[in-house]
Each structure stands twice: as C-alpha cells, then as structure tokens.
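First comes the structure, then the notes that go with it.
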Amino acid sequence: GAFTDGGDPRRRYFYLAKYETTRLQLAALRDDCLAPRRERLLPATGVGWFDAVQAGHLYSEWLMRHAPHRLPREANAIGYLRLPTEAEWEFAARGGLEVSPKEFADRAFPMPGGIEQYVWFRSTRSSNSELQIAGVLKPNPLGLHDMLGNADEVVLEPFRVVRQSQARGQAGGYTIRGGSYQTAEPDIRSSYRQELSPFDEKGARRAPTVGFRLALVTSVLSSPARYDELRRMPPLPLPPSTAISTPPPRENQRR
C-alpha cells in the first residue's frame with residue numbers, strides 16, 4: 001500500500017471496502033439517490049470493468065469536492081478510490097497478517113463453524129442460486145464481508161495467464177475474483193480467478209454475477225523526497241506467505 005504506518009515507515013497499507021458495492025451505493029454515485037429498500041442492499045451486479053472504474057472515479061471526485069478532509073494523505077498526495085489490484089485483493093481475501101503463514105497459504109481463510117457462515121455459494125445449504133444482501137454473513141479475519149462468494153469481484157488489471165506464480169505476457173479480458181452465489185462449494189478458494197471478456201457480439205458484456213468493491217489508495221511516489229527515501233530504504237523482511245502486499249494496520253479494518 002501507499003500509506004505509511006507511523007510506527008514503522010517501511011510498512012505500508014491500503015484500505016479496502018468492508019462490503020461489496022451495493023445497488024443503492026452505485027445509484028448514488030450516478031446521482032440517483034434512491035430510497036433505501038432491502039433489494040437495493042444487494043451487491044451491484046451486472047456491471048463491467050468500465051462501470052466499476054467509473055464508480056471509483058465518481059466517488060473520488062465527490063469526496064474531493066465535498067469531504068476532502070476525510071481522505072487520508074501521504075505527503076503531497078491525497079487518497080482516491082479505484083479497483084484493487086489482484087495482489088491487494090488476494091492478500092485481503094486470505095486474511096493478511098491477521099492469520100498465520102500456514103493459514104494464509106491455505107485454500108481459504110479460517111472458517112470456524114463452517115463455510116455456510118462466511119460464504120454464499122451454489123447450494124440449497126447456502127445461496128440457493130440467488131444473490132444475497134451484502135454483509136449478512138461473518139467476515140474474514142480482516143473484517144471484510146463476502147470476499148468469497150455472493151458476487152464475483154472485478155479487479156484492476158487485465159487477466160493474465162499465470163503459471164507457477166509468474167504472470168506471463170498474454171493479457172486478455174478483465175479478471176474477476178472470489179466466486180459468486182453460482183459457484184459450487186468445491187470451487188470456493190482464495191485463488192479463484194476467471195477471465196471475462198468486456199465485449200461480445202452484442203456489445204458491452206455485463207455478467208449478472210459480477211460486482212466489485214473499491215480500494216482507497218494514493219500515489220507511491222508522493223514527492224521527490226519520498227522517491228529518494230525509497231531508494232535508500234532497505235527492504236522490510238516478511239515471511240514468504242506475506243510477500244504479496246502490506247496490509248492495513250488493525251485499527252484501520254473498517255474499509
């Protein structure tokens with residue numbers, strides 16, 4: 001992340017939305033302030049990558065006009081909203097540093113009491129193949145709801161062929177992570193990822209299972225002094241399983 005942990009300037013963090021973006025929230029970002037209703041608390045699905053990127057742009061502009069004091073800063077750079085990268089998304093989905101290295105590397109984050117208490121998946125024991133209200137089930141160890149299941153989540157980068165943890169040169173459509181209410185239980189895992197083309201023969205493609213959540217970030221090179229500081233700074237040693245990114249500090253878990 002681009003924000004500095006005051007206790008150790010080598011440690012960086014970012015914010016990630018606690019819930020998937022809802023229909024009510026997306027409508028508000030488009031200047032359509034609807035009355036709250038139960039069905040509008042469902043994740044906003046049927047959106048494409050361009051819709052999700054626009055939502056981050058609109059939210060950032062609104063905050064900078066109406067509540068700039070609420071946005072965190074790093075040196076000269078102000079925070080803004082965008083889609084999370086794959087690394088940011090997966091680091092958060094696995095539980096970050098709130099889990100042990102072994103738990104981080106597991107198929108999914110720890111789920112005491114069973115998967116049904118944390119994930120909406122395709123089963124009569126779970127979603128029954130229907131989208132569910134955001135945030136009803138228990139969160140993962142970082143306090144994030146529905147990271148697995150309910151709505152597929154779009155991330156920032158295009159889909160790349162990955163083999164042995166190395167991104168290859170072939171980049172295609174957009175990437176969705178986490179699975180949805182239509183994903184079978186055996187397929188629910190933190191590494192779940194799929195490619196979805198943003199267009200088909202009918203034009204823009206908006207899959208009914210696909211939604212998104214936003215990350216709050218800022219520029220990494222926020223000033224010339226920051227650039228010089230990074231050049232001089234020794235790397236922070238981290239366990240191999242936590243090398244994807246640096247998580248937010250515990251007190252910043254409401255994302």
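In the structure tokens, chains take the letters A, B, ... in the order shown, each chain's residues start at 1, and ligands count up from 1 in the order shown.
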
Find the residues of range 38-122 of chain A that sit at most 6 Å from range 132-140 of chain A; for each, write down the nearest two atoms and how far apart they are in Å, to one decimal. Count only C-alpha atoms. Sort by chain, then by number going up, and give it as JSON lines.
{"residue": "A:Leu41", "atom": "CA", "partner": "A:Ile133", "partner_atom": "CA", "distance": 5.5}
{"residue": "A:Leu42", "atom": "CA", "partner": "A:Ile133", "partner_atom": "CA", "distance": 4.3}
{"residue": "A:Pro43", "atom": "CA", "partner": "A:Ala134", "partner_atom": "CA", "distance": 5.9}
{"residue": "A:Gln117", "atom": "CA", "partner": "A:Leu137", "partner_atom": "CA", "distance": 5.7}
{"residue": "A:Tyr118", "atom": "CA", "partner": "A:Lys138", "partner_atom": "CA", "distance": 4.9}

With only C-alpha atoms counted and 9 Å as the cut-off, give the residues of range 23-132 of chain A in contact with range 201-223 of chain A, each with its shortest interatomic distance in Å and the pair that gives it, as JSON lines.
{"residue": "A:Pro43", "atom": "CA", "partner": "A:Gly211", "partner_atom": "CA", "distance": 6.5}
{"residue": "A:Ala44", "atom": "CA", "partner": "A:Gly211", "partner_atom": "CA", "distance": 5.6}
{"residue": "A:Thr45", "atom": "CA", "partner": "A:Gly211", "partner_atom": "CA", "distance": 4.4}
{"residue": "A:Gly46", "atom": "CA", "partner": "A:Pro208", "partner_atom": "CA", "distance": 4.3}
{"residue": "A:Val47", "atom": "CA", "partner": "A:Arg206", "partner_atom": "CA", "distance": 5.0}
{"residue": "A:Gly48", "atom": "CA", "partner": "A:Arg206", "partner_atom": "CA", "distance": 5.1}
{"residue": "A:Trp49", "atom": "CA", "partner": "A:Arg206", "partner_atom": "CA", "distance": 8.7}
{"residue": "A:Ala52", "atom": "CA", "partner": "A:Phe212", "partner_atom": "CA", "distance": 6.6}
{"residue": "A:Ala55", "atom": "CA", "partner": "A:Leu214", "partner_atom": "CA", "distance": 8.6}
{"residue": "A:Gly56", "atom": "CA", "partner": "A:Leu214", "partner_atom": "CA", "distance": 6.7}
{"residue": "A:Leu71", "atom": "CA", "partner": "A:Leu216", "partner_atom": "CA", "distance": 8.8}
{"residue": "A:Pro72", "atom": "CA", "partner": "A:Thr218", "partner_atom": "CA", "distance": 8.5}
{"residue": "A:Arg73", "atom": "CA", "partner": "A:Thr218", "partner_atom": "CA", "distance": 7.4}
{"residue": "A:Glu74", "atom": "CA", "partner": "A:Ser222", "partner_atom": "CA", "distance": 6.6}
{"residue": "A:Ala75", "atom": "CA", "partner": "A:Ser222", "partner_atom": "CA", "distance": 5.9}
{"residue": "A:Asn76", "atom": "CA", "partner": "A:Ser222", "partner_atom": "CA", "distance": 5.7}
{"residue": "A:Ala77", "atom": "CA", "partner": "A:Ser222", "partner_atom": "CA", "distance": 5.3}
{"residue": "A:Ile78", "atom": "CA", "partner": "A:Thr218", "partner_atom": "CA", "distance": 6.1}
{"residue": "A:Gly79", "atom": "CA", "partner": "A:Thr218", "partner_atom": "CA", "distance": 4.5}
{"residue": "A:Tyr80", "atom": "CA", "partner": "A:Leu216", "partner_atom": "CA", "distance": 5.5}
{"residue": "A:Leu81", "atom": "CA", "partner": "A:Leu216", "partner_atom": "CA", "distance": 4.7}
{"residue": "A:Arg82", "atom": "CA", "partner": "A:Ala215", "partner_atom": "CA", "distance": 5.5}
{"residue": "A:Leu83", "atom": "CA", "partner": "A:Leu214", "partner_atom": "CA", "distance": 4.9}
{"residue": "A:Pro84", "atom": "CA", "partner": "A:Ala215", "partner_atom": "CA", "distance": 5.2}
{"residue": "A:Thr85", "atom": "CA", "partner": "A:Ala215", "partner_atom": "CA", "distance": 8.7}
{"residue": "A:Glu88", "atom": "CA", "partner": "A:Ala215", "partner_atom": "CA", "distance": 8.6}
{"residue": "A:Trp89", "atom": "CA", "partner": "A:Ala215", "partner_atom": "CA", "distance": 8.9}
{"residue": "A:Leu131", "atom": "CA", "partner": "A:Thr209", "partner_atom": "CA", "distance": 7.9}

Contact residues around Gln182 in chain A with only C-alpha atoms at 9 Å, ignoring same-chain residues under 6 positions, as a list of chain:residue names: A:Trp120, A:Phe121, A:Arg122, A:Ser123, A:Ser127, A:Asn128, A:Ser129, A:Glu130, A:Leu131, A:Gly149, A:Asn150, A:Ala151, A:Thr209

Those residues with N, CA, C and O atoms, as a short mmCIF file (atom, residue, chain, number, x, y, z; two decimals), in the first residue's frame please?
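Result saved to result_14.cif:
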data_model
loop_
_atom_site.label_atom_id
_atom_site.label_comp_id
_atom_site.auth_asym_id
_atom_site.auth_seq_id
_atom_site.Cartn_x
_atom_site.Cartn_y
_atom_site.Cartn_z
N TRP A 120 -21.52 -17.26 0.52
CA TRP A 120 -22.70 -17.64 -0.25
C TRP A 120 -22.22 -18.37 -1.51
O TRP A 120 -21.56 -17.78 -2.36
N PHE A 121 -22.55 -19.65 -1.61
CA PHE A 121 -22.16 -20.45 -2.76
C PHE A 121 -23.39 -21.20 -3.28
O PHE A 121 -24.45 -21.17 -2.66
N ARG A 122 -23.26 -21.86 -4.41
CA ARG A 122 -24.41 -22.52 -5.03
C ARG A 122 -24.75 -23.82 -4.31
O ARG A 122 -24.08 -24.83 -4.45
N SER A 123 -25.80 -23.77 -3.52
CA SER A 123 -26.25 -24.94 -2.77
C SER A 123 -27.56 -24.58 -2.07
O SER A 123 -27.79 -23.42 -1.73
N SER A 127 -26.71 -20.17 -0.88
CA SER A 127 -27.40 -19.10 -1.62
C SER A 127 -28.66 -19.56 -2.33
O SER A 127 -29.50 -18.73 -2.69
N ASN A 128 -28.79 -20.88 -2.57
CA ASN A 128 -29.90 -21.40 -3.37
C ASN A 128 -29.94 -20.73 -4.74
O ASN A 128 -31.00 -20.46 -5.30
N SER A 129 -28.73 -20.43 -5.26
CA SER A 129 -28.55 -19.81 -6.57
C SER A 129 -29.17 -18.43 -6.68
O SER A 129 -29.62 -18.01 -7.76
N GLU A 130 -29.20 -17.69 -5.57
CA GLU A 130 -29.72 -16.33 -5.58
C GLU A 130 -28.72 -15.38 -4.91
O GLU A 130 -28.10 -15.73 -3.90
N LEU A 131 -28.58 -14.19 -5.47
CA LEU A 131 -27.74 -13.15 -4.88
C LEU A 131 -28.29 -12.76 -3.52
O LEU A 131 -29.51 -12.69 -3.33
N GLY A 149 -17.47 -15.78 -2.66
CA GLY A 149 -18.89 -16.00 -2.88
C GLY A 149 -19.70 -14.72 -3.00
O GLY A 149 -19.17 -13.62 -3.01
N ASN A 150 -20.99 -14.87 -3.14
CA ASN A 150 -22.00 -13.82 -3.36
C ASN A 150 -21.81 -13.19 -4.73
O ASN A 150 -22.44 -13.62 -5.68
N ALA A 151 -20.98 -12.16 -4.89
CA ALA A 151 -20.74 -11.60 -6.22
C ALA A 151 -19.29 -11.80 -6.61
O ALA A 151 -18.39 -11.62 -5.78
N THR A 209 -23.56 -12.07 -12.42
CA THR A 209 -22.92 -12.45 -11.15
C THR A 209 -21.80 -11.51 -10.74
O THR A 209 -21.24 -11.65 -9.66
#

Nearest to Ala171 in chain A by atom-to-atom distance, counting only C-alpha atoms, from A:Glu185, A:Glu98, A:Ser197, A:Ala17: A:Ser197

From A:Leu142, A:Pro224, A:Tyr174, A:Arg107, residue lying nearest Leu16 in chain A [only C-alpha atoms]: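 That would be A:Leu142, the residue with the smallest distance to Leu16 in chain A.
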
d(CA of Arg70 in chain A, CA of Phe14 in chain A) in Å: 15.0 Å

Point-to-point distance in Å for CA of Val53 in chain A and CA of Thr21 in chain A: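 Distance reported for this atom pair: 12.3 Å.
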
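In this model, the gap between CA of Thr22 in chain A and CA of Leu196 in chain A comes to 21.0 Å.
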
Every residue of range 33-251 of chain A that DSSP places in alpha helix (DSSP H), as number ranges by chain: A: 49-66, 86-94, 101-105, 224-232

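Counting only C-alpha atoms, the residue from A:Arg11, A:Thr175, A:Thr124, A:Arg23 that sits nearest to Met233 in chain A is A:Arg11.
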
Best match for closeness to Arg30 in chain A among A:Tyr181, A:Phe159, A:Tyr13, A:Tyr59, counting only C-alpha atoms: A:Tyr59

Residues within 10 Å of Pro110 in chain A, only C-alpha atoms, excluding chain neighbours under 3 positions, as a ChimeraX atom specification: /A:94-95,99,103-104,106-107,113-115,118,140-141

Would you put the residues from that selection into a file with N, CA and C atoms, as a PDB file, in the first residue's frame?
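Saved result, part-v3.pdb, follows:
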ATOM      1  N   ARG A  94      -7.195 -13.516   1.760  1.00  0.00           N
ATOM      2  CA  ARG A  94      -6.563 -14.575   2.541  1.00  0.00           C
ATOM      3  C   ARG A  94      -6.457 -14.236   4.028  1.00  0.00           C
ATOM      4  N   GLY A  95      -6.691 -12.993   4.389  1.00  0.00           N
ATOM      5  CA  GLY A  95      -6.648 -12.612   5.796  1.00  0.00           C
ATOM      6  C   GLY A  95      -5.449 -11.795   6.189  1.00  0.00           C
ATOM      7  N   VAL A  99      -3.751 -13.667   9.976  1.00  0.00           N
ATOM      8  CA  VAL A  99      -3.700 -15.124  10.005  1.00  0.00           C
ATOM      9  C   VAL A  99      -2.242 -15.562  10.027  1.00  0.00           C
ATOM     10  N   GLU A 103      -2.068 -20.535   7.595  1.00  0.00           N
ATOM     11  CA  GLU A 103      -3.457 -20.217   7.253  1.00  0.00           C
ATOM     12  C   GLU A 103      -3.531 -19.353   6.006  1.00  0.00           C
ATOM     13  N   PHE A 104      -2.561 -18.444   5.857  1.00  0.00           N
ATOM     14  CA  PHE A 104      -2.519 -17.583   4.683  1.00  0.00           C
ATOM     15  C   PHE A 104      -2.386 -18.416   3.407  1.00  0.00           C
ATOM     16  N   ASP A 106      -3.400 -21.491   2.995  1.00  0.00           N
ATOM     17  CA  ASP A 106      -4.468 -22.476   2.850  1.00  0.00           C
ATOM     18  C   ASP A 106      -5.413 -22.110   1.712  1.00  0.00           C
ATOM     19  N   ARG A 107      -6.278 -23.037   1.387  1.00  0.00           N
ATOM     20  CA  ARG A 107      -7.257 -22.856   0.306  1.00  0.00           C
ATOM     21  C   ARG A 107      -8.164 -21.654   0.549  1.00  0.00           C
ATOM     22  N   GLY A 113     -16.880 -22.971  12.490  1.00  0.00           N
ATOM     23  CA  GLY A 113     -18.318 -23.162  12.399  1.00  0.00           C
ATOM     24  C   GLY A 113     -18.807 -23.564  11.028  1.00  0.00           C
ATOM     25  N   GLY A 114     -17.923 -23.521  10.012  1.00  0.00           N
ATOM     26  CA  GLY A 114     -18.313 -23.999   8.693  1.00  0.00           C
ATOM     27  C   GLY A 114     -18.443 -22.908   7.653  1.00  0.00           C
ATOM     28  N   ILE A 115     -18.266 -23.303   6.392  1.00  0.00           N
ATOM     29  CA  ILE A 115     -18.254 -22.366   5.277  1.00  0.00           C
ATOM     30  C   ILE A 115     -19.575 -21.613   5.125  1.00  0.00           C
ATOM     31  N   TYR A 118     -19.832 -18.008   6.294  1.00  0.00           N
ATOM     32  CA  TYR A 118     -18.940 -16.995   5.726  1.00  0.00           C
ATOM     33  C   TYR A 118     -19.134 -16.766   4.225  1.00  0.00           C
ATOM     34  N   ASN A 140     -14.217 -12.157   7.031  1.00  0.00           N
ATOM     35  CA  ASN A 140     -12.943 -12.875   7.124  1.00  0.00           C
ATOM     36  C   ASN A 140     -12.100 -12.263   8.250  1.00  0.00           C
ATOM     37  N   PRO A 141     -10.900 -12.768   8.521  1.00  0.00           N
ATOM     38  CA  PRO A 141     -10.117 -12.277   9.669  1.00  0.00           C
ATOM     39  C   PRO A 141      -9.773 -10.791   9.620  1.00  0.00           C
TER      40      PRO A 141
END
